[in-house]
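S.K.: Sharing protein_19.tsv (TSV, N, CA, C and O atoms and all ligand atoms) below.
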chain	number	residue	atom	x	y	z
Q	80	MET	N	0.85	-1.21	0.00
Q	80	MET	CA	0.00	0.00	0.00
Q	80	MET	C	0.87	1.25	0.00
Q	80	MET	O	1.71	1.42	0.88
Q	81	PRO	N	0.68	2.11	-0.95
Q	81	PRO	CA	1.46	3.36	-0.96
Q	81	PRO	C	1.12	4.21	0.26
Q	81	PRO	O	-0.05	4.35	0.62
Q	82	PRO	N	2.10	4.81	0.87
Q	82	PRO	CA	1.84	5.56	2.11
Q	82	PRO	C	1.29	6.96	1.86
Q	82	PRO	O	0.90	7.63	2.80
Q	83	ASN	N	1.25	7.40	0.63
Q	83	ASN	CA	0.87	8.79	0.37
Q	83	ASN	C	-0.62	8.97	0.11
Q	83	ASN	O	-1.06	10.07	-0.20
Q	84	LEU	N	-1.36	7.90	0.19
Q	84	LEU	CA	-2.77	8.01	-0.15
Q	84	LEU	C	-3.61	8.52	1.01
Q	84	LEU	O	-4.72	8.98	0.82
Q	85	GLY	N	-3.09	8.41	2.21
Q	85	GLY	CA	-3.85	8.90	3.33
Q	85	GLY	C	-4.89	7.90	3.79
Q	85	GLY	O	-4.68	6.70	3.73
Q	86	VAL	N	-6.00	8.44	4.20
Q	86	VAL	CA	-7.05	7.60	4.77
Q	86	VAL	C	-8.00	7.14	3.68
Q	86	VAL	O	-8.39	7.92	2.81
Q	87	LYS	N	-8.34	5.88	3.74
Q	87	LYS	CA	-9.27	5.34	2.76
Q	87	LYS	C	-10.70	5.64	3.18
Q	87	LYS	O	-11.07	5.46	4.35
Q	88	TYR	N	-11.48	6.10	2.22
Q	88	TYR	CA	-12.88	6.41	2.49
Q	88	TYR	C	-13.78	5.65	1.54
Q	88	TYR	O	-13.37	5.29	0.44
Q	89	ILE	N	-14.95	5.41	1.99
Q	89	ILE	CA	-16.00	4.91	1.10
Q	89	ILE	C	-17.12	5.94	1.16
Q	89	ILE	O	-17.72	6.18	2.21
Q	90	CYS	N	-17.36	6.57	0.03
Q	90	CYS	CA	-18.30	7.69	0.02
Q	90	CYS	C	-19.67	7.26	0.51
Q	90	CYS	O	-20.21	6.25	0.09
Q	91	PHE	N	-20.19	8.03	1.43
Q	91	PHE	CA	-21.51	7.70	1.99
Q	91	PHE	C	-22.63	8.03	1.02
Q	91	PHE	O	-23.77	7.64	1.22
Q	92	LYS	N	-22.31	8.79	-0.01
Q	92	LYS	CA	-23.35	9.16	-0.98
Q	92	LYS	C	-23.36	8.22	-2.18
Q	92	LYS	O	-24.38	7.64	-2.53
Q	93	CYS	N	-22.21	8.11	-2.83
Q	93	CYS	CA	-22.17	7.31	-4.05
Q	93	CYS	C	-21.47	5.97	-3.84
Q	93	CYS	O	-21.54	5.11	-4.69
Q	94	GLY	N	-20.81	5.81	-2.72
Q	94	GLY	CA	-20.22	4.51	-2.41
Q	94	GLY	C	-18.89	4.26	-3.08
Q	94	GLY	O	-18.35	3.18	-2.97
Q	95	SER	N	-18.34	5.25	-3.74
Q	95	SER	CA	-17.04	5.04	-4.38
Q	95	SER	C	-15.93	5.11	-3.35
Q	95	SER	O	-15.98	5.88	-2.39
Q	96	LYS	N	-14.95	4.28	-3.59
Q	96	LYS	CA	-13.83	4.22	-2.65
Q	96	LYS	C	-12.73	5.15	-3.12
Q	96	LYS	O	-12.40	5.21	-4.30
Q	97	PHE	N	-12.18	5.87	-2.19
Q	97	PHE	CA	-11.10	6.80	-2.55
Q	97	PHE	C	-10.28	7.07	-1.31
Q	97	PHE	O	-10.66	6.73	-0.18
Q	98	TYR	N	-9.13	7.66	-1.55
Q	98	TYR	CA	-8.28	8.09	-0.45
Q	98	TYR	C	-8.29	9.62	-0.39
Q	98	TYR	O	-8.41	10.30	-1.42
Q	99	ASP	N	-8.18	10.12	0.79
Q	99	ASP	CA	-8.25	11.58	0.93
Q	99	ASP	C	-6.92	12.25	0.58
Q	99	ASP	O	-6.82	13.48	0.58
Q	100	LEU	N	-5.91	11.42	0.25
Q	100	LEU	CA	-4.59	11.96	-0.16
Q	100	LEU	C	-4.05	12.93	0.89
Q	100	LEU	O	-3.36	13.89	0.57
Q	101	LYS	N	-4.37	12.66	2.13
Q	101	LYS	CA	-3.90	13.47	3.26
Q	101	LYS	C	-4.36	14.93	3.16
Q	101	LYS	O	-3.71	15.83	3.69
Q	102	ARG	N	-5.43	15.12	2.46
Q	102	ARG	CA	-5.98	16.47	2.41
Q	102	ARG	C	-6.81	16.73	3.67
Q	102	ARG	O	-7.38	15.81	4.25
Q	103	PRO	N	-6.90	17.99	4.04
Q	103	PRO	CA	-7.64	18.30	5.28
Q	103	PRO	C	-9.12	17.99	5.14
Q	103	PRO	O	-9.78	17.67	6.14
Q	104	VAL	N	-9.65	18.12	3.93
Q	104	VAL	CA	-11.07	17.86	3.74
Q	104	VAL	C	-11.21	16.66	2.80
Q	104	VAL	O	-10.83	16.75	1.63
Q	105	PRO	N	-11.71	15.59	3.29
Q	105	PRO	CA	-11.90	14.41	2.44
Q	105	PRO	C	-13.13	14.57	1.55
Q	105	PRO	O	-14.27	14.43	2.01
Q	106	LEU	N	-12.88	14.90	0.30
Q	106	LEU	CA	-13.98	15.09	-0.64
Q	106	LEU	C	-14.02	13.92	-1.61
Q	106	LEU	O	-12.97	13.50	-2.11
Q	107	CYS	N	-15.22	13.48	-1.88
Q	107	CYS	CA	-15.36	12.40	-2.83
Q	107	CYS	C	-15.00	12.92	-4.23
Q	107	CYS	O	-15.50	13.96	-4.66
Q	108	PRO	N	-14.11	12.21	-4.94
Q	108	PRO	CA	-13.72	12.69	-6.29
Q	108	PRO	C	-14.85	12.56	-7.29
Q	108	PRO	O	-14.78	13.14	-8.37
Q	109	LYS	N	-15.85	11.82	-6.98
Q	109	LYS	CA	-16.94	11.62	-7.94
Q	109	LYS	C	-18.09	12.59	-7.71
Q	109	LYS	O	-18.55	13.27	-8.63
Q	110	CYS	N	-18.57	12.63	-6.47
Q	110	CYS	CA	-19.74	13.47	-6.22
Q	110	CYS	C	-19.41	14.68	-5.35
Q	110	CYS	O	-20.25	15.53	-5.13
Q	111	GLY	N	-18.18	14.71	-4.85
Q	111	GLY	CA	-17.76	15.87	-4.11
Q	111	GLY	C	-18.35	15.97	-2.71
Q	111	GLY	O	-18.35	17.04	-2.11
Q	112	ALA	N	-18.81	14.88	-2.20
Q	112	ALA	CA	-19.41	14.91	-0.87
Q	112	ALA	C	-18.32	14.98	0.19
Q	112	ALA	O	-17.31	14.26	0.10
Q	113	ASP	N	-18.52	15.83	1.14
Q	113	ASP	CA	-17.57	15.91	2.24
Q	113	ASP	C	-17.82	14.73	3.17
Q	113	ASP	O	-18.91	14.59	3.75
Q	114	GLN	N	-16.80	13.91	3.29
Q	114	GLN	CA	-16.99	12.70	4.09
Q	114	GLN	C	-17.13	13.01	5.58
Q	114	GLN	O	-17.59	12.17	6.34
Q	115	ARG	N	-16.76	14.17	5.96
Q	115	ARG	CA	-16.96	14.53	7.38
Q	115	ARG	C	-18.43	14.75	7.68
Q	115	ARG	O	-18.85	14.73	8.83
Q	116	ASP	N	-19.19	14.99	6.62
Q	116	ASP	CA	-20.63	15.16	6.82
Q	116	ASP	C	-21.38	13.84	6.79
Q	116	ASP	O	-22.61	13.81	6.87
Q	117	SER	N	-20.61	12.77	6.64
Q	117	SER	CA	-21.28	11.47	6.54
Q	117	SER	C	-21.97	11.15	7.86
Q	117	SER	O	-21.42	11.39	8.94
Q	118	PRO	N	-23.16	10.66	7.77
Q	118	PRO	CA	-23.85	10.27	9.00
Q	118	PRO	C	-23.15	9.08	9.63
Q	118	PRO	O	-22.45	8.33	8.94
Q	119	PRO	N	-23.30	8.94	10.91
Q	119	PRO	CA	-22.67	7.78	11.56
Q	119	PRO	C	-23.25	6.50	11.00
Q	119	PRO	O	-24.44	6.43	10.67
Q	120	PRO	N	-22.42	5.51	10.86
Q	120	PRO	CA	-22.91	4.25	10.28
Q	120	PRO	C	-23.99	3.64	11.16
Q	120	PRO	O	-23.91	3.65	12.38
Q	121	ALA	N	-25.01	3.15	10.48
Q	121	ALA	CA	-26.11	2.55	11.23
Q	121	ALA	C	-25.61	1.32	11.97
Q	121	ALA	O	-24.89	0.51	11.41
Q	122	PRO	N	-25.98	1.21	13.21
Q	122	PRO	CA	-25.54	0.04	13.97
Q	122	PRO	C	-26.15	-1.23	13.39
Q	122	PRO	O	-27.31	-1.23	12.97
Q	123	PRO	N	-25.37	-2.27	13.32
Q	123	PRO	CA	-25.91	-3.52	12.78
Q	123	PRO	C	-27.02	-4.07	13.68
Q	123	PRO	O	-27.05	-3.79	14.88
Q	124	PRO	N	-27.93	-4.79	13.09
Q	124	PRO	CA	-29.01	-5.35	13.92
Q	124	PRO	C	-28.46	-6.26	15.00
Q	124	PRO	O	-27.63	-7.12	14.75
Q	125	VAL	N	-28.93	-6.02	16.18
Q	125	VAL	CA	-28.40	-6.77	17.31
Q	125	VAL	C	-28.93	-8.20	17.26
Q	125	VAL	O	-30.14	-8.41	17.22
Q	126	GLU	N	-28.00	-9.11	17.25
Q	126	GLU	CA	-28.41	-10.51	17.26
Q	126	GLU	C	-28.50	-11.00	18.71
Q	126	GLU	O	-27.58	-10.81	19.50
Q	127	ARG	N	-29.60	-11.61	18.98
Q	127	ARG	CA	-29.76	-12.15	20.33
Q	127	ARG	C	-29.00	-13.47	20.45
Q	127	ARG	O	-29.36	-14.46	19.85
Q	128	LYS	N	-27.95	-13.39	21.21
Q	128	LYS	CA	-27.16	-14.60	21.41
Q	128	LYS	C	-27.57	-15.26	22.72
Q	128	LYS	O	-27.41	-14.68	23.79
Q	129	ARG	N	-28.10	-16.42	22.58
Q	129	ARG	CA	-28.50	-17.12	23.79
Q	129	ARG	C	-27.34	-17.98	24.29
Q	129	ARG	O	-26.76	-18.73	23.52
Q	130	PRO	N	-27.04	-17.83	25.54
Q	130	PRO	CA	-25.98	-18.69	26.09
Q	130	PRO	C	-26.44	-20.14	26.15
Q	130	PRO	O	-27.39	-20.49	26.83
Q	131	ARG	N	-25.74	-20.96	25.40
Q	131	ARG	CA	-26.13	-22.37	25.37
Q	131	ARG	C	-25.39	-23.19	26.41
Q	131	ARG	O	-25.57	-24.40	26.49
Q	132	ALA	N	-24.56	-22.54	27.17
Q	132	ALA	CA	-23.76	-23.31	28.12
Q	132	ALA	C	-24.63	-23.83	29.26
Q	132	ALA	O	-24.34	-24.87	29.83
Q	133	LYS	N	-25.71	-23.11	29.52
Q	133	LYS	CA	-26.52	-23.52	30.66
Q	133	LYS	C	-27.38	-24.72	30.30
Q	133	LYS	O	-28.00	-24.76	29.25
Q	134	THR	N	-27.41	-25.66	31.20
Q	134	THR	CA	-28.25	-26.82	31.04
Q	134	THR	C	-29.61	-26.54	31.67
Q	134	THR	O	-29.73	-25.64	32.50
Q	135	PRO	N	-30.62	-27.25	31.28
Q	135	PRO	CA	-31.95	-27.02	31.88
Q	135	PRO	C	-31.95	-27.19	33.39
Q	135	PRO	O	-32.75	-26.59	34.08
Q	136	SER	N	-31.06	-28.03	33.90
Q	136	SER	CA	-31.05	-28.27	35.34
Q	136	SER	C	-30.26	-27.19	36.07
Q	136	SER	O	-30.23	-27.19	37.29
Q	137	ASP	N	-29.63	-26.29	35.31
Q	137	ASP	CA	-28.83	-25.28	35.97
Q	137	ASP	C	-29.73	-24.23	36.60
Q	137	ASP	O	-30.50	-23.57	35.91
Q	138	GLY	N	-29.66	-24.09	37.90
Q	138	GLY	CA	-30.45	-23.09	38.58
Q	138	GLY	C	-31.85	-23.55	38.91
Q	138	GLY	O	-32.55	-22.92	39.68
Q	139	GLU	N	-32.26	-24.67	38.33
Q	139	GLU	CA	-33.60	-25.18	38.64
Q	139	GLU	C	-33.47	-26.39	39.56
Q	139	GLU	O	-32.55	-27.20	39.42
Q	140	ALA	N	-34.42	-26.47	40.46
Q	140	ALA	CA	-34.38	-27.56	41.43
Q	140	ALA	C	-35.03	-28.79	40.82
Q	140	ALA	O	-36.24	-28.97	40.87
Q	141	LEU	N	-34.22	-29.62	40.21
Q	141	LEU	CA	-34.74	-30.86	39.65
Q	141	LEU	C	-34.36	-32.02	40.57
Q	141	LEU	O	-33.28	-32.03	41.13
Q	142	PRO	N	-35.21	-32.99	40.69
Q	142	PRO	CA	-34.90	-34.14	41.57
Q	142	PRO	C	-33.84	-35.02	40.95
Q	142	PRO	O	-34.11	-36.07	40.39
Q	143	VAL	N	-32.61	-34.55	41.00
Q	143	VAL	CA	-31.51	-35.31	40.41
Q	143	VAL	C	-31.12	-36.47	41.31
Q	143	VAL	O	-30.78	-37.55	40.87
Q	144	THR	N	-31.19	-36.22	42.61
Q	144	THR	CA	-30.77	-37.25	43.55
Q	144	THR	C	-31.94	-38.17	43.85
Q	144	THR	O	-32.66	-38.00	44.82
Q	145	ASP	N	-32.15	-39.10	42.97
Q	145	ASP	CA	-33.20	-40.08	43.19
Q	145	ASP	C	-32.61	-41.29	43.91
Q	145	ASP	O	-31.61	-41.84	43.47
Q	146	PRO	N	-33.18	-41.67	45.02
Q	146	PRO	CA	-32.60	-42.80	45.77
Q	146	PRO	C	-32.63	-44.10	44.98
Q	146	PRO	O	-31.83	-45.00	45.24
Q	147	GLU	N	-33.52	-44.19	43.99
Q	147	GLU	CA	-33.58	-45.44	43.23
Q	147	GLU	C	-32.58	-45.47	42.07
Q	147	GLU	O	-32.37	-46.51	41.46
Q	148	ALA	N	-32.04	-44.33	41.75
Q	148	ALA	CA	-31.12	-44.28	40.61
Q	148	ALA	C	-29.88	-45.14	40.81
Q	148	ALA	O	-29.52	-45.89	39.91
Q	149	PRO	N	-29.21	-45.09	41.96
Q	149	PRO	CA	-28.01	-45.93	42.12
Q	149	PRO	C	-28.34	-47.41	42.02
Q	149	PRO	O	-27.57	-48.19	41.49
Q	150	ALA	N	-29.50	-47.80	42.51
Q	150	ALA	CA	-29.86	-49.22	42.46
Q	150	ALA	C	-29.99	-49.67	41.01
Q	150	ALA	O	-29.59	-50.78	40.65
Q	151	LEU	N	-30.58	-48.83	40.16
Q	151	LEU	CA	-30.75	-49.21	38.76
Q	151	LEU	C	-29.40	-49.33	38.07
Q	151	LEU	O	-29.19	-50.20	37.25
Q	152	GLU	N	-28.48	-48.46	38.45
Q	152	GLU	CA	-27.16	-48.53	37.82
Q	152	GLU	C	-26.46	-49.83	38.19
Q	152	GLU	O	-25.77	-50.43	37.39
Q	153	ASP	N	-26.66	-50.26	39.42
Q	153	ASP	CA	-26.02	-51.50	39.85
Q	153	ASP	C	-26.58	-52.68	39.05
Q	153	ASP	O	-25.86	-53.59	38.68
Q	154	GLU	N	-27.87	-52.64	38.77
Q	154	GLU	CA	-28.46	-53.75	38.01
Q	154	GLU	C	-27.92	-53.77	36.58
Q	154	GLU	O	-27.69	-54.83	36.02
Q	155	ASP	N	-27.73	-52.56	36.01
Q	155	ASP	CA	-27.22	-52.53	34.64
Q	155	ASP	C	-25.80	-53.08	34.57
Q	155	ASP	O	-25.40	-53.70	33.60
Q	156	GLU	N	-25.04	-52.85	35.62
Q	156	GLU	CA	-23.66	-53.34	35.60
Q	156	GLU	C	-23.63	-54.86	35.75
Q	156	GLU	O	-22.76	-55.53	35.23
Q	157	GLU	N	-24.61	-55.38	36.46
Q	157	GLU	CA	-24.60	-56.83	36.67
Q	157	GLU	C	-25.14	-57.57	35.45
Q	157	GLU	O	-24.89	-58.74	35.27
Q	158	GLU	N	-25.91	-56.89	34.63
Q	158	GLU	CA	-26.54	-57.58	33.49
Q	158	GLU	C	-25.53	-58.19	32.51
Q	158	GLU	O	-25.67	-59.33	32.14
Q	159	PRO	N	-24.54	-57.44	32.08
Q	159	PRO	CA	-23.61	-58.03	31.10
Q	159	PRO	C	-22.91	-59.26	31.64
Q	159	PRO	O	-22.70	-60.22	30.93
Q	160	GLU	N	-22.58	-59.24	32.94
Q	160	GLU	CA	-21.88	-60.40	33.51
Q	160	GLU	C	-22.80	-61.62	33.51
Q	160	GLU	O	-22.42	-62.71	33.15
Q	161	ALA	N	-24.08	-61.39	33.87
Q	161	ALA	CA	-25.02	-62.50	33.89
Q	161	ALA	C	-25.27	-62.99	32.48
Q	161	ALA	O	-25.41	-64.19	32.23
Q	162	ALA	N	-25.35	-62.09	31.52
Q	162	ALA	CA	-25.61	-62.48	30.15
Q	162	ALA	C	-24.42	-63.26	29.60
Q	162	ALA	O	-24.59	-64.20	28.83
Q	163	ALA	N	-23.24	-62.90	30.03
Q	163	ALA	CA	-22.07	-63.60	29.53
Q	163	ALA	C	-22.05	-65.03	30.05
Q	163	ALA	O	-21.60	-65.95	29.37
Q	164	GLY	N	-22.56	-65.22	31.27
Q	164	GLY	CA	-22.56	-66.57	31.82
Q	164	GLY	C	-23.62	-67.44	31.19
Q	164	GLY	O	-23.38	-68.61	30.89
Q	165	ALA	N	-24.80	-66.87	30.94
Q	165	ALA	CA	-25.89	-67.65	30.38
Q	165	ALA	C	-26.08	-67.25	28.91
Q	165	ALA	O	-26.31	-66.09	28.61
Q	166	GLY	N	-26.01	-68.17	28.03
Q	166	GLY	CA	-26.14	-67.89	26.60
Q	166	GLY	C	-27.56	-67.54	26.24
Q	166	GLY	O	-27.80	-66.78	25.30
Q	167	GLU	N	-28.55	-68.01	26.94
Q	167	GLU	CA	-29.95	-67.75	26.59
Q	167	GLU	C	-30.37	-66.32	26.93
Q	167	GLU	O	-31.40	-65.87	26.48
Q	168	ALA	N	-29.58	-65.64	27.74
Q	168	ALA	CA	-29.95	-64.28	28.13
Q	168	ALA	C	-29.95	-63.35	26.92
Q	168	ALA	O	-30.67	-62.36	26.90
Q	169	PHE	N	-29.19	-63.64	25.90
Q	169	PHE	CA	-29.15	-62.78	24.73
Q	169	PHE	C	-30.49	-62.82	23.98
Q	169	PHE	O	-30.91	-61.84	23.40
Q	170	GLU	N	-31.17	-63.92	24.03
Q	170	GLU	CA	-32.43	-64.03	23.30
Q	170	GLU	C	-33.54	-63.23	23.99
Q	170	GLU	O	-34.47	-62.79	23.35
Q	171	GLU	N	-33.39	-63.01	25.27
Q	171	GLU	CA	-34.43	-62.28	25.97
Q	171	GLU	C	-34.38	-60.79	25.63
Q	171	GLU	O	-35.39	-60.13	25.61
Q	172	GLU	N	-33.21	-60.33	25.29
Q	172	GLU	CA	-33.12	-58.92	24.96
Q	172	GLU	C	-33.61	-58.67	23.55
Q	172	GLU	O	-33.38	-59.49	22.66
Q	173	PRO	N	-34.29	-57.55	23.33
Q	173	PRO	CA	-34.84	-57.25	21.99
Q	173	PRO	C	-33.75	-57.00	20.99
Q	173	PRO	O	-32.77	-56.38	21.30
H	201	ZN	ZN	-19.28	10.18	-3.65
Let me see the structure of the file written as structure tokens.
M.R.:
Amino acid sequence: MPPNLGVKYICFKCGSKFYDLKRPVPLCPKCGADQRDSPPPAPPPVERKRPRAKTPSDGEALPVTDPEAPALEDEDEEEPEAAAGAGEAFEEEP
């Protein structure tokens, strides 16, 4: 990039790109619009970003500690061992 071009502008009126050539007044070479009179750029539409990190159980009182839950886990762990010992156990499972 040549250093003598100054600040790059995009004309707010006609949209042409130009450099102000380090002039005190940045005028569009096509339409002559003073870029200092350009209105502030419109803010982009705000996107609602929902935090997905939170789980449904976060902050809500859900009955996570079910006294029957550990018992069920123990049965699931015993099932493969029992199935391995008895060959007919495989037919019972869908
Ligand atoms: Zn222009």
S.K.: Could you list, as a list in words, all protein and nucleic acid residues with an atom at most 6 Å from ligand ZN 201 (chain H), counting only N, CA, C and O atoms and all ligand atoms?
M.R.: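 I would give the residues around ligand ZN 201 (chain H) as Cys90, Phe91, Lys92, Cys93, Gly94, Ser95, Cys107, Pro108, Lys109, Cys110, Gly111 and Ala112 of chain Q.
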S.K.: When you draw a straight line from atom CA of Q:Val86 to atom CA of Q:Val125, how long is it in Å?
M.R.: 28.6 Å
S.K.: Between atom CA of Q:Tyr98 and atom C of Q:Pro123, what is the spacing in Å?
M.R.: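 Between atom C of Q:Pro123 and atom CA of Q:Tyr98 the gap works out to 26.4 Å.
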